[in-house]
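J.: my_file.cif is the file, holding mmCIF, C-alpha atoms and all ligand atoms:
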```cif
data_final
#
loop_
_atom_site.group_PDB
_atom_site.id
_atom_site.type_symbol
_atom_site.label_atom_id
_atom_site.label_comp_id
_atom_site.auth_asym_id
_atom_site.auth_seq_id
_atom_site.Cartn_x
_atom_site.Cartn_y
_atom_site.Cartn_z
ATOM 1 C CA MET A 1 -7.288 11.428 11.657
ATOM 2 C CA PRO A 2 -6.238 11.155 7.978
ATOM 3 C CA GLU A 3 -8.315 8.808 5.848
ATOM 4 C CA ILE A 4 -5.320 6.704 4.749
ATOM 5 C CA VAL A 5 -2.494 6.102 7.220
ATOM 6 C CA VAL A 6 0.491 4.004 6.186
ATOM 7 C CA GLU A 7 2.535 3.372 9.288
ATOM 8 C CA GLY A 8 6.043 1.929 9.453
ATOM 9 C CA ILE A 9 5.741 -0.231 6.341
ATOM 10 C CA SER A 10 8.754 -2.328 5.358
ATOM 11 C CA LYS A 11 9.049 -5.012 2.694
ATOM 12 C CA THR A 12 11.843 -7.249 1.446
ATOM 13 C CA LEU A 13 11.518 -8.509 -2.145
ATOM 14 C CA GLY A 14 13.846 -11.026 -3.750
ATOM 15 C CA GLY A 15 16.170 -10.811 -0.737
ATOM 16 C CA LEU A 16 16.476 -6.994 -1.030
ATOM 17 C CA LEU A 17 15.076 -4.657 1.602
ATOM 18 C CA THR A 18 12.942 -2.600 -0.794
ATOM 19 C CA LEU A 19 10.733 -0.514 1.460
ATOM 20 C CA GLY A 20 12.752 0.585 4.491
ATOM 21 C CA GLU A 21 10.237 2.206 6.758
ATOM 22 C CA ILE A 22 7.513 4.140 5.012
ATOM 23 C CA ASN A 23 5.113 6.513 6.735
ATOM 24 C CA VAL A 24 2.679 8.359 4.466
ATOM 25 C CA ASN A 25 -0.897 9.527 4.793
ATOM 26 C CA ALA A 26 -3.744 11.176 2.939
ATOM 27 C CA ALA A 27 -6.527 13.243 4.455
ATOM 28 C CA ASP A 28 -10.102 13.097 3.233
ATOM 29 C CA LYS A 29 -10.211 14.486 -0.365
ATOM 30 C CA ASP A 30 -6.438 14.950 -0.403
ATOM 31 C CA PHE A 31 -4.593 14.522 -3.708
ATOM 32 C CA VAL A 32 -1.217 13.098 -2.717
ATOM 33 C CA GLY A 33 1.633 12.540 -5.163
ATOM 34 C CA ILE A 34 4.272 9.826 -4.760
ATOM 35 C CA LEU A 35 7.548 10.402 -6.604
ATOM 36 C CA GLY A 36 10.714 8.353 -6.432
ATOM 37 C CA PRO A 37 13.429 6.705 -8.501
ATOM 38 C CA SER A 38 12.540 3.773 -10.716
ATOM 39 C CA GLY A 39 12.515 0.532 -8.734
ATOM 40 C CA CYS A 40 12.301 2.201 -5.305
ATOM 41 C CA GLY A 41 9.040 0.391 -4.556
ATOM 42 C CA LYS A 42 6.232 2.811 -5.433
ATOM 43 C CA SER A 43 4.039 0.108 -7.009
ATOM 44 C CA THR A 44 4.927 -2.210 -4.132
ATOM 45 C CA LEU A 45 3.658 0.467 -1.747
ATOM 46 C CA PHE A 46 0.356 0.619 -3.662
ATOM 47 C CA ASN A 47 0.137 -3.189 -3.678
ATOM 48 C CA ILE A 48 0.414 -3.017 0.104
ATOM 49 C CA ILE A 49 -2.064 -0.153 0.567
ATOM 50 C CA SER A 50 -4.601 -1.953 -1.636
ATOM 51 C CA GLY A 51 -4.138 -5.161 0.378
ATOM 52 C CA LEU A 52 -2.812 -7.205 -2.559
ATOM 53 C CA MET A 53 0.488 -7.688 -0.709
ATOM 54 C CA ARG A 54 1.252 -7.946 3.003
ATOM 55 C CA PRO A 55 4.090 -5.855 4.410
ATOM 56 C CA ASP A 56 6.779 -7.511 6.538
ATOM 57 C CA GLN A 57 6.186 -4.851 9.154
ATOM 58 C CA GLY A 58 3.812 -1.948 9.620
ATOM 59 C CA CYS A 59 0.119 -1.352 9.089
ATOM 60 C CA VAL A 60 -2.334 0.322 6.748
ATOM 61 C CA PHE A 61 -5.289 2.092 8.319
ATOM 62 C CA ILE A 62 -8.276 3.422 6.424
ATOM 63 C CA ASP A 63 -10.788 5.514 8.334
ATOM 64 C CA GLY A 64 -9.091 4.267 11.476
ATOM 65 C CA HIS A 65 -9.588 0.570 10.613
ATOM 66 C CA ASP A 66 -6.614 -1.736 10.202
ATOM 67 C CA VAL A 67 -6.915 -3.036 6.622
ATOM 68 C CA THR A 68 -3.406 -4.472 6.300
ATOM 69 C CA GLY A 69 -3.485 -7.340 3.790
ATOM 70 C CA LYS A 70 -7.216 -6.870 3.105
ATOM 71 C CA THR A 71 -8.451 -6.049 -0.394
ATOM 72 C CA GLY A 72 -11.705 -4.418 -1.412
ATOM 73 C CA ARG A 73 -11.608 -1.063 0.346
ATOM 74 C CA VAL A 74 -9.724 1.074 -2.193
ATOM 75 C CA SER A 75 -9.660 1.255 -5.968
ATOM 76 C CA TYR A 76 -6.335 0.680 -7.655
ATOM 77 C CA MET A 77 -5.563 1.614 -11.252
ATOM 78 C CA ARG A 78 -2.305 0.078 -12.433
ATOM 79 C CA GLN A 79 0.093 1.486 -15.006
ATOM 80 C CA LYS A 80 -1.505 -0.435 -17.880
ATOM 81 C CA ASP A 81 -5.217 0.106 -18.490
ATOM 82 C CA LEU A 82 -5.902 -3.682 -18.381
ATOM 83 C CA LEU A 83 -9.131 -3.333 -20.383
ATOM 84 C CA LEU A 84 -10.301 -6.716 -21.640
ATOM 85 C CA PRO A 85 -9.984 -6.710 -25.465
ATOM 86 C CA SER A 86 -12.998 -8.969 -26.045
ATOM 87 C CA LEU A 87 -15.445 -6.734 -24.151
ATOM 88 C CA ASN A 88 -16.764 -3.380 -25.291
ATOM 89 C CA ILE A 89 -16.155 -0.286 -23.150
ATOM 90 C CA LEU A 90 -19.514 -0.412 -21.408
ATOM 91 C CA GLU A 91 -18.984 -4.076 -20.508
ATOM 92 C CA ASN A 92 -15.426 -3.357 -19.395
ATOM 93 C CA VAL A 93 -16.281 -0.517 -17.034
ATOM 94 C CA SER A 94 -19.299 -2.404 -15.630
ATOM 95 C CA ILE A 95 -17.094 -5.257 -14.365
ATOM 96 C CA PRO A 96 -16.662 -3.933 -10.787
ATOM 97 C CA LEU A 97 -20.427 -3.547 -10.405
ATOM 98 C CA VAL A 98 -21.052 -7.085 -11.713
ATOM 99 C CA LEU A 99 -18.401 -8.364 -9.297
ATOM 100 C CA LYS A 100 -20.228 -6.575 -6.495
ATOM 101 C CA GLY A 101 -23.300 -8.646 -7.407
ATOM 102 C CA LEU A 102 -25.390 -6.323 -9.586
ATOM 103 C CA PRO A 103 -27.215 -8.006 -12.486
ATOM 104 C CA ARG A 104 -25.420 -7.252 -15.768
ATOM 105 C CA LYS A 105 -28.174 -4.959 -17.131
ATOM 106 C CA LYS A 106 -28.340 -2.931 -13.929
ATOM 107 C CA ALA A 107 -24.540 -2.696 -13.788
ATOM 108 C CA CYS A 108 -24.458 -1.340 -17.357
ATOM 109 C CA ASP A 109 -27.252 1.161 -16.609
ATOM 110 C CA GLN A 110 -25.395 2.407 -13.532
ATOM 111 C CA ALA A 111 -22.071 2.653 -15.403
ATOM 112 C CA LEU A 112 -23.774 4.507 -18.264
ATOM 113 C CA GLU A 113 -24.751 7.323 -15.921
ATOM 114 C CA HIS A 114 -21.055 8.317 -15.724
ATOM 115 C CA PHE A 115 -20.126 8.059 -19.408
ATOM 116 C CA LYS A 116 -20.701 11.742 -20.150
ATOM 117 C CA GLN A 117 -18.736 12.906 -17.105
ATOM 118 C CA PHE A 118 -15.796 10.708 -18.079
ATOM 119 C CA GLY A 119 -15.878 11.871 -21.718
ATOM 120 C CA LEU A 120 -16.964 8.493 -23.066
ATOM 121 C CA ALA A 121 -20.515 9.214 -24.260
ATOM 122 C CA GLY A 122 -21.122 7.667 -27.681
ATOM 123 C CA PHE A 123 -18.307 5.150 -27.296
ATOM 124 C CA GLU A 124 -20.188 2.568 -25.213
ATOM 125 C CA LYS A 125 -20.073 -0.124 -27.894
ATOM 126 C CA TYR A 126 -16.488 0.487 -28.982
ATOM 127 C CA TYR A 127 -13.814 -2.068 -28.185
ATOM 128 C CA PRO A 128 -10.577 -1.006 -26.440
ATOM 129 C CA ARG A 129 -8.545 -1.348 -29.661
ATOM 130 C CA GLN A 130 -10.835 1.218 -31.325
ATOM 131 C CA LEU A 131 -10.132 3.947 -28.752
ATOM 132 C CA SER A 132 -7.313 6.490 -28.434
ATOM 133 C CA GLY A 133 -4.841 6.163 -25.547
ATOM 134 C CA GLY A 134 -6.530 9.013 -23.644
ATOM 135 C CA MET A 135 -9.982 7.454 -23.997
ATOM 136 C CA ARG A 136 -8.713 4.073 -22.843
ATOM 137 C CA GLN A 137 -7.273 5.726 -19.740
ATOM 138 C CA ARG A 138 -10.577 7.503 -19.079
ATOM 139 C CA ALA A 139 -12.396 4.174 -19.400
ATOM 140 C CA ALA A 140 -9.910 2.530 -17.031
ATOM 141 C CA MET A 141 -10.359 5.456 -14.634
ATOM 142 C CA LEU A 142 -14.148 5.092 -14.721
ATOM 143 C CA ARG A 143 -13.862 1.367 -14.052
ATOM 144 C CA THR A 144 -11.568 2.161 -11.095
ATOM 145 C CA TYR A 145 -14.018 4.767 -9.817
ATOM 146 C CA LEU A 146 -16.939 2.327 -10.034
ATOM 147 C CA PHE A 147 -15.074 -0.174 -7.881
ATOM 148 C CA SER A 148 -14.760 2.300 -5.026
ATOM 149 C CA SER A 149 -15.514 5.949 -5.541
ATOM 150 C CA ASP A 150 -13.958 7.555 -2.482
ATOM 151 C CA ILE A 151 -10.330 6.336 -2.364
ATOM 152 C CA LEU A 152 -8.329 5.920 -5.560
ATOM 153 C CA LEU A 153 -4.748 4.731 -6.012
ATOM 154 C CA LEU A 154 -3.489 5.724 -9.461
ATOM 155 C CA ASP A 155 -0.161 4.298 -10.616
ATOM 156 C CA GLU A 156 1.219 6.481 -13.421
ATOM 157 C CA PRO A 157 -2.091 6.655 -15.293
ATOM 158 C CA PHE A 158 -0.768 9.008 -17.991
ATOM 159 C CA ALA A 159 2.750 7.632 -18.445
ATOM 160 C CA SER A 160 2.024 6.108 -21.851
ATOM 161 C CA LEU A 161 0.402 9.214 -23.355
ATOM 162 C CA ASP A 162 1.984 11.820 -25.607
ATOM 163 C CA ALA A 163 2.624 15.269 -24.071
ATOM 164 C CA ILE A 164 -0.460 16.992 -25.534
ATOM 165 C CA THR A 165 -2.888 14.204 -24.593
ATOM 166 C CA LYS A 166 -1.274 14.000 -21.170
ATOM 167 C CA ARG A 167 -1.849 17.721 -20.515
ATOM 168 C CA LYS A 168 -5.477 17.437 -21.640
ATOM 169 C CA MET A 169 -5.978 14.422 -19.381
ATOM 170 C CA GLN A 170 -4.475 16.233 -16.392
ATOM 171 C CA SER A 171 -6.814 19.152 -16.941
ATOM 172 C CA TRP A 172 -9.759 16.783 -17.378
ATOM 173 C CA LEU A 173 -8.790 14.899 -14.209
ATOM 174 C CA ILE A 174 -8.810 18.093 -12.143
ATOM 175 C CA ASP A 175 -12.265 19.007 -13.454
ATOM 176 C CA VAL A 176 -13.729 15.545 -12.801
ATOM 177 C CA PHE A 177 -12.104 15.147 -9.396
ATOM 178 C CA ASN A 178 -13.377 18.565 -8.336
ATOM 179 C CA GLN A 179 -16.851 17.152 -8.975
ATOM 180 C CA ILE A 180 -16.461 13.708 -7.406
ATOM 181 C CA ASN A 181 -13.961 14.687 -4.679
ATOM 182 C CA PRO A 182 -12.160 11.411 -4.015
ATOM 183 C CA THR A 183 -9.097 10.899 -1.834
ATOM 184 C CA VAL A 184 -6.256 10.158 -4.250
ATOM 185 C CA MET A 185 -2.739 8.768 -4.082
ATOM 186 C CA PHE A 186 -0.997 9.232 -7.418
ATOM 187 C CA ILE A 187 2.353 7.779 -8.527
ATOM 188 C CA THR A 188 4.196 9.717 -11.177
ATOM 189 C CA HIS A 189 7.715 10.228 -12.492
ATOM 190 C CA ASP A 190 6.755 13.638 -13.829
ATOM 191 C CA VAL A 191 7.592 16.449 -11.389
ATOM 192 C CA ASP A 192 5.485 19.017 -13.261
ATOM 193 C CA GLU A 193 2.521 16.644 -13.316
ATOM 194 C CA ALA A 194 2.812 16.216 -9.544
ATOM 195 C CA LEU A 195 3.017 19.971 -8.989
ATOM 196 C CA TYR A 196 0.077 20.572 -11.292
ATOM 197 C CA LEU A 197 -2.257 17.986 -9.756
ATOM 198 C CA CYS A 198 -1.322 17.397 -6.144
ATOM 199 C CA ASP A 199 -1.998 19.058 -2.797
ATOM 200 C CA ARG A 200 1.003 17.332 -1.227
ATOM 201 C CA ILE A 201 3.959 15.339 -2.527
ATOM 202 C CA TYR A 202 6.118 12.633 -0.994
ATOM 203 C CA VAL A 203 9.510 12.044 -2.578
ATOM 204 C CA LEU A 204 10.910 8.583 -1.869
ATOM 205 C CA SER A 205 14.594 7.651 -1.700
ATOM 206 C CA GLU A 206 16.480 4.791 -3.335
ATOM 207 C CA CYS A 207 16.179 1.338 -1.681
ATOM 208 C CA PRO A 208 15.903 0.707 1.195
ATOM 209 C CA THR A 209 13.240 3.287 0.589
ATOM 210 C CA VAL A 210 12.159 5.937 3.061
ATOM 211 C CA VAL A 211 10.359 9.248 2.635
ATOM 212 C CA LYS A 212 13.043 11.751 1.697
ATOM 213 C CA LEU A 213 10.864 14.827 1.348
ATOM 214 C CA GLU A 214 7.259 15.753 2.093
ATOM 215 C CA ILE A 215 6.110 18.995 0.598
ATOM 216 C CA LYS A 216 2.779 20.797 0.655
ATOM 217 C CA ILE A 217 1.858 22.532 -2.582
ATOM 218 C CA PRO A 218 0.734 26.045 -1.645
ATOM 219 C CA PHE A 219 -1.726 26.454 -4.513
ATOM 220 C CA CYS A 220 -5.418 25.604 -4.398
ATOM 221 C CA ARG A 221 -7.113 23.309 -6.860
ATOM 222 C CA PRO A 222 -8.333 23.981 -9.513
ATOM 223 C CA SER A 223 -4.746 24.711 -10.243
ATOM 224 C CA HIS A 224 -4.983 26.185 -13.708
ATOM 225 C CA GLY A 225 -3.061 29.183 -12.292
ATOM 226 C CA ARG A 226 -0.009 27.064 -11.450
ATOM 227 C CA THR A 227 2.493 27.924 -14.094
ATOM 228 C CA ILE A 228 6.158 27.384 -14.427
ATOM 229 C CA VAL A 229 6.743 31.151 -14.357
ATOM 230 C CA ASP A 230 5.455 31.399 -10.779
ATOM 231 C CA PRO A 231 8.553 31.876 -8.568
ATOM 232 C CA VAL A 232 7.082 29.712 -5.765
ATOM 233 C CA TYR A 233 6.511 26.946 -8.293
ATOM 234 C CA GLY A 234 10.165 27.174 -9.269
ATOM 235 C CA VAL A 235 11.377 26.906 -5.661
ATOM 236 C CA ILE A 236 9.227 23.847 -4.973
ATOM 237 C CA ARG A 237 10.210 22.241 -8.269
ATOM 238 C CA ASP A 238 13.903 22.708 -7.441
ATOM 239 C CA ALA A 239 13.427 21.145 -3.993
ATOM 240 C CA VAL A 240 11.677 18.107 -5.485
ATOM 241 C CA MET A 241 14.288 17.730 -8.230
ATOM 242 C CA GLU A 242 17.062 17.942 -5.661
ATOM 243 C CA ALA A 243 15.407 15.265 -3.505
ATOM 244 C CA LEU A 244 15.147 13.077 -6.610
ATOM 245 C CA ALA A 245 18.786 13.902 -7.353
ATOM 246 C CA ILE A 246 17.888 14.855 -10.926
HETATM 247 N N1 LIG A 301 7.266 -10.011 -6.612
HETATM 248 C C1 LIG A 301 8.530 -9.549 -6.617
HETATM 249 N N2 LIG A 301 9.569 -10.356 -6.319
HETATM 250 C C2 LIG A 301 10.835 -9.899 -6.309
HETATM 251 N N3 LIG A 301 11.143 -8.626 -6.584
HETATM 252 C C3 LIG A 301 10.163 -7.787 -6.917
HETATM 253 C C4 LIG A 301 8.794 -8.191 -6.934
HETATM 254 N N4 LIG A 301 8.031 -7.122 -7.273
HETATM 255 C C5 LIG A 301 8.884 -6.094 -7.435
HETATM 256 N N5 LIG A 301 10.155 -6.495 -7.228
HETATM 257 C C6 LIG A 301 11.340 -5.633 -7.260
HETATM 258 O O1 LIG A 301 11.158 -4.687 -6.229
HETATM 259 C C7 LIG A 301 11.608 -3.407 -6.641
HETATM 260 C C8 LIG A 301 10.495 -2.409 -6.536
HETATM 261 O O2 LIG A 301 9.553 -2.630 -7.580
HETATM 262 P P1 LIG A 301 8.364 -1.618 -7.860
HETATM 263 O O3 LIG A 301 7.698 -2.033 -9.114
HETATM 264 O O4 LIG A 301 7.525 -1.494 -6.636
HETATM 265 O O5 LIG A 301 9.163 -0.253 -8.065
HETATM 266 P P2 LIG A 301 8.644 1.131 -8.695
HETATM 267 O O6 LIG A 301 9.220 2.223 -7.857
HETATM 268 O O7 LIG A 301 7.154 1.131 -8.821
HETATM 269 O O8 LIG A 301 9.319 1.072 -10.118
HETATM 270 P P3 LIG A 301 8.953 1.896 -11.465
HETATM 271 O O9 LIG A 301 9.009 3.350 -11.098
HETATM 272 O O10 LIG A 301 10.041 1.523 -12.408
HETATM 273 O O11 LIG A 301 7.591 1.462 -11.906
HETATM 274 C C9 LIG A 301 12.169 -3.579 -8.037
HETATM 275 O O12 LIG A 301 13.552 -3.760 -7.940
HETATM 276 C C10 LIG A 301 11.492 -4.833 -8.544
HETATM 277 O O13 LIG A 301 12.300 -5.507 -9.475
#
```
Translate this file's structure into structure tokens.
T.:
Amino acid sequence: MPEIVVEGISKTLGGLLTLGEINVNAADKDFVGILGPSGCGKSTLFNIISGLMRPDQGCVFIDGHDVTGKTGRVSYMRQKDLLLPSLNILENVSIPLVLKGLPRKKACDQALEHFKQFGLAGFEKYYPRQLSGGMRQRAAMLRTYLFSSDILLLDEPFASLDAITKRKMQSWLIDVFNQINPTVMFITHDVDEALYLCDRIYVLSECPTVVKLEIKIPFCRPSHGRTIVDPVYGVIRDAVMEALAI
């Protein structure tokens, strides 16, 4: 059974049927991309999977347990990094561990163990405003990882970055995730980003939203060999673009 199963989810928001009937899943250590037009309900879907919002119909199962409307099982990184400006980076990323009940010193010590892996070594005492966009995203990613390390929902984590930083971050993400092996669901508007990072992609329709296309990416991670000159890449890219009606 897949680790995350989203079964028959529907949701009406502001009187509009936003999510029609959504069925998606992710296997253990899967990296699943979610693409869809703006406003189709991608963030709403993540709010439901994370338990922050209840669906009108349908269920969310994780490891076979019904977790519909229950928070705490998965980590969720929203579009903005949401780092607290008055705390330094070490204090910021330690927050999930403090919330889990660890004494502050122990939480910081535990968080520190991951600073090198997340490219933050030496920046422990910096405040968010003193970091580049890429570093802030890495800090936000580490904080997400420390909340729950095995299932991560990432909502457009690189959307605000310039093209060069974004490419570096994608490459970094592949390297780190090949070490920590989480199950990931990843929202993006960037077709090439999805093809570069993901094992499988769902393309969602306009509202009322359903899954329009599910496509398996036939390249193995690490995917440094996936290039736009690969003919298979081109075929898949065209299919995704067509489903998005771009
Ligand atoms: N709490 C709410 N009450 C009413 N309408 C809402 C609420 N939250 C979201 N919406 C609406 O529901 C729709 C889906 O929003 P959502 O943010 O999930 O879409 P999205 O696909 O993530 O969009 P984007 O790609 O632009 O980030 C939008 O039309 C939005 O305005």
J.: With only C-alpha atoms and all ligand atoms counted and 12 Å as the cut-off, give the residues of chain A in contact with ligand LIG 301 (chain A), each with its shortest interatomic distance in Å and the pair that gives it, as CSV.
T.:
```
residue,atom,partner,partner_atom,distance
A:Lys11,CA,A:LIG301,O1,9.2
A:Thr12,CA,A:LIG301,O1,8.1
A:Leu13,CA,A:LIG301,C2,4.4
A:Gly14,CA,A:LIG301,C2,4.1
A:Gly15,CA,A:LIG301,C2,7.8
A:Leu16,CA,A:LIG301,O1,7.8
A:Leu17,CA,A:LIG301,O1,8.8
A:Thr18,CA,A:LIG301,C7,6.1
A:Leu19,CA,A:LIG301,C8,8.2
A:Gly20,CA,A:LIG301,C8,11.6
A:Ile34,CA,A:LIG301,O6,9.6
A:Leu35,CA,A:LIG301,O6,8.4
A:Gly36,CA,A:LIG301,O6,6.5
A:Pro37,CA,A:LIG301,O9,6.1
A:Ser38,CA,A:LIG301,O9,3.6
A:Gly39,CA,A:LIG301,O5,3.5
A:Cys40,CA,A:LIG301,O6,4.0
A:Gly41,CA,A:LIG301,O4,3.2
A:Lys42,CA,A:LIG301,O6,3.9
A:Ser43,CA,A:LIG301,O7,3.7
A:Thr44,CA,A:LIG301,O4,3.7
A:Leu45,CA,A:LIG301,O4,6.5
A:Phe46,CA,A:LIG301,O4,8.0
A:Asn47,CA,A:LIG301,O4,8.1
A:Ile48,CA,A:LIG301,O4,9.9
A:Leu52,CA,A:LIG301,N1,11.2
A:Met53,CA,A:LIG301,N1,9.3
A:Arg54,CA,A:LIG301,N1,11.5
A:Arg78,CA,A:LIG301,O11,10.0
A:Gln79,CA,A:LIG301,O11,8.1
A:Lys80,CA,A:LIG301,O11,11.0
A:Leu154,CA,A:LIG301,O7,11.6
A:Asp155,CA,A:LIG301,O7,8.2
A:Glu156,CA,A:LIG301,O11,8.3
A:Pro157,CA,A:LIG301,O11,11.5
A:Ala159,CA,A:LIG301,O11,10.2
A:Phe186,CA,A:LIG301,O7,11.6
A:Ile187,CA,A:LIG301,O7,8.2
A:Thr188,CA,A:LIG301,O9,8.0
A:His189,CA,A:LIG301,O9,7.1
A:Asp190,CA,A:LIG301,O9,10.9
A:Val203,CA,A:LIG301,O6,11.2
A:Leu204,CA,A:LIG301,O6,8.9
A:Ser205,CA,A:LIG301,O6,9.8
A:Glu206,CA,A:LIG301,O6,8.9
A:Cys207,CA,A:LIG301,C7,8.2
A:Pro208,CA,A:LIG301,C7,9.8
A:Thr209,CA,A:LIG301,O6,9.4
A:Val210,CA,A:LIG301,O6,11.9
```
J.: For the file shown, report as an mmCIF file with C-alpha atoms, in the frame of the given file the outcome of the PyMOL selection byres (((chain A and resi 162-166) around 12) and not hetatm) at residue level.
T.:
```
data_model
loop_
_atom_site.group_PDB
_atom_site.id
_atom_site.type_symbol
_atom_site.label_atom_id
_atom_site.label_comp_id
_atom_site.auth_asym_id
_atom_site.auth_seq_id
_atom_site.Cartn_x
_atom_site.Cartn_y
_atom_site.Cartn_z
ATOM 1 C CA SER A 132 -7.313 6.490 -28.434
ATOM 2 C CA GLY A 133 -4.841 6.163 -25.547
ATOM 3 C CA GLY A 134 -6.530 9.013 -23.644
ATOM 4 C CA MET A 135 -9.982 7.454 -23.997
ATOM 5 C CA ARG A 136 -8.713 4.073 -22.843
ATOM 6 C CA GLN A 137 -7.273 5.726 -19.740
ATOM 7 C CA ARG A 138 -10.577 7.503 -19.079
ATOM 8 C CA GLU A 156 1.219 6.481 -13.421
ATOM 9 C CA PRO A 157 -2.091 6.655 -15.293
ATOM 10 C CA PHE A 158 -0.768 9.008 -17.991
ATOM 11 C CA ALA A 159 2.750 7.632 -18.445
ATOM 12 C CA SER A 160 2.024 6.108 -21.851
ATOM 13 C CA LEU A 161 0.402 9.214 -23.355
ATOM 14 C CA ARG A 167 -1.849 17.721 -20.515
ATOM 15 C CA LYS A 168 -5.477 17.437 -21.640
ATOM 16 C CA MET A 169 -5.978 14.422 -19.381
ATOM 17 C CA GLN A 170 -4.475 16.233 -16.392
ATOM 18 C CA SER A 171 -6.814 19.152 -16.941
ATOM 19 C CA TRP A 172 -9.759 16.783 -17.378
ATOM 20 C CA LEU A 173 -8.790 14.899 -14.209
ATOM 21 C CA ASP A 190 6.755 13.638 -13.829
ATOM 22 C CA ASP A 192 5.485 19.017 -13.261
ATOM 23 C CA GLU A 193 2.521 16.644 -13.316
ATOM 24 C CA TYR A 196 0.077 20.572 -11.292
#
```
J.: Using only C-alpha atoms, pick whichever of A:Lys216, A:Arg143, A:Arg129, A:Lys29 has the shortest atom-to-atom distance to Met77 (chain A).
T.: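 The answer is A:Arg143, which sits nearest to Met77 (chain A).
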J.: Rank A:Gly72, A:Gly101, A:Ile174, A:Asp150 by their smallest atom-to-atom distance to Cys198 (chain A), using all atoms listed in the file, and report the top residue only.
T.: A:Ile174
J.: I need the residue nearest His65 (chain A) from this list: A:Pro96, A:Glu91, A:Lys105, A:Val5. Use all atoms listed in the file for the distance.
T.: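 Nearest to His65 (chain A): A:Val5.
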J.: Counting all atoms listed in the file, which residue out of A:Leu146, A:Met185, A:Ile95, A:Leu87 sits closest to Glu124 (chain A)?
T.: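 Ranked by minimum distance to Glu124 (chain A), first place goes to A:Leu87.
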J.: Kindly resolve the PyMOL selection byres (((chain A and resi 199) around 12) and not hetatm) on the present coordinates and return the residues as a PyMOL selection string.
T.: chain A and resi 26-34+174+183-186+193-198+200-202+214-223+226
J.: Could you work out an axis-aligned box for region 34-51 of chain A, taking every atom the file lists and adding 8 Å on each side, and report centre and edge lengths in Å to one decimal, as AutoDock Vina command-line options?
T.:
```
--center_x 4.4 --center_y 2.6 --center_z -5.1 --size_x 34.0 --size_y 31.6 --size_z 27.3
```
J.: Quick one: pull the distance between CA of Val98 (chain A) and CA of Gln110 (chain A), Å, one decimal.
T.: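 These atoms are spaced 10.6 Å apart.
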J.: When distances are computed from all atoms listed in the file, which of A:Ala245, A:Ile236, A:Val93, A:Leu153 shows the smallest separation from Gly51 (chain A)?
T.: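 Among A:Ala245, A:Ile236, A:Val93, A:Leu153, it is A:Leu153 that comes nearest to Gly51 (chain A).
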J.: Any chance you could work out the residue set of the PyMOL selection byres (((chain A and resi 60) around 7) and not hetatm) here, as number ranges by chain?
T.: A: 5-7, 49, 59, 61-62, 66-68
J.: Work out how far CA of Leu152 (chain A) is from CA of Pro85 (chain A), in Å to one decimal.
T.: 23.6 Å
J.: Using only C-alpha atoms, which of the listed residues (A:Val176, A:Ala239, A:Leu142, A:Val232) sits closest to Tyr76 (chain A)?
T.: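 Closest candidate: A:Leu142.
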J.: CA of Leu120 (chain A) to CA of Ala140 (chain A): how many Å, to one decimal?
T.: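 It comes out at 11.0 Å.
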J.: Could you please fill out region 132-143 of chain A with N, CA and C atoms and send it back as a PDB file, in the coordinates of the input?
T.:
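Once everything was written out, this is out.pdb:
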```pdb
ATOM      1  N   SER A 132      -8.623   5.846 -28.598  1.00  0.00           N
ATOM      2  CA  SER A 132      -7.313   6.490 -28.434  1.00  0.00           C
ATOM      3  C   SER A 132      -6.770   6.166 -27.039  1.00  0.00           C
ATOM      4  N   GLY A 133      -5.468   6.420 -26.848  1.00  0.00           N
ATOM      5  CA  GLY A 133      -4.841   6.163 -25.547  1.00  0.00           C
ATOM      6  C   GLY A 133      -5.535   6.919 -24.413  1.00  0.00           C
ATOM      7  N   GLY A 134      -5.880   8.192 -24.670  1.00  0.00           N
ATOM      8  CA  GLY A 134      -6.530   9.013 -23.644  1.00  0.00           C
ATOM      9  C   GLY A 134      -7.896   8.456 -23.273  1.00  0.00           C
ATOM     10  N   MET A 135      -8.643   8.010 -24.272  1.00  0.00           N
ATOM     11  CA  MET A 135      -9.982   7.454 -23.997  1.00  0.00           C
ATOM     12  C   MET A 135      -9.883   6.150 -23.231  1.00  0.00           C
ATOM     13  N   ARG A 136      -8.905   5.340 -23.576  1.00  0.00           N
ATOM     14  CA  ARG A 136      -8.713   4.073 -22.843  1.00  0.00           C
ATOM     15  C   ARG A 136      -8.421   4.358 -21.373  1.00  0.00           C
ATOM     16  N   GLN A 137      -7.597   5.388 -21.135  1.00  0.00           N
ATOM     17  CA  GLN A 137      -7.273   5.726 -19.740  1.00  0.00           C
ATOM     18  C   GLN A 137      -8.510   6.251 -19.011  1.00  0.00           C
ATOM     19  N   ARG A 138      -9.351   7.009 -19.727  1.00  0.00           N
ATOM     20  CA  ARG A 138     -10.577   7.503 -19.079  1.00  0.00           C
ATOM     21  C   ARG A 138     -11.506   6.342 -18.748  1.00  0.00           C
ATOM     22  N   ALA A 139     -11.564   5.359 -19.661  1.00  0.00           N
ATOM     23  CA  ALA A 139     -12.396   4.174 -19.400  1.00  0.00           C
ATOM     24  C   ALA A 139     -11.845   3.402 -18.195  1.00  0.00           C
ATOM     25  N   ALA A 140     -10.526   3.244 -18.160  1.00  0.00           N
ATOM     26  CA  ALA A 140      -9.910   2.530 -17.031  1.00  0.00           C
ATOM     27  C   ALA A 140     -10.153   3.296 -15.726  1.00  0.00           C
ATOM     28  N   MET A 141     -10.122   4.631 -15.821  1.00  0.00           N
ATOM     29  CA  MET A 141     -10.359   5.456 -14.634  1.00  0.00           C
ATOM     30  C   MET A 141     -11.808   5.303 -14.156  1.00  0.00           C
ATOM     31  N   LEU A 142     -12.743   5.264 -15.102  1.00  0.00           N
ATOM     32  CA  LEU A 142     -14.148   5.092 -14.721  1.00  0.00           C
ATOM     33  C   LEU A 142     -14.358   3.724 -14.070  1.00  0.00           C
ATOM     34  N   ARG A 143     -13.735   2.707 -14.642  1.00  0.00           N
ATOM     35  CA  ARG A 143     -13.862   1.367 -14.052  1.00  0.00           C
ATOM     36  C   ARG A 143     -13.294   1.370 -12.620  1.00  0.00           C
TER      37      ARG A 143
END
```
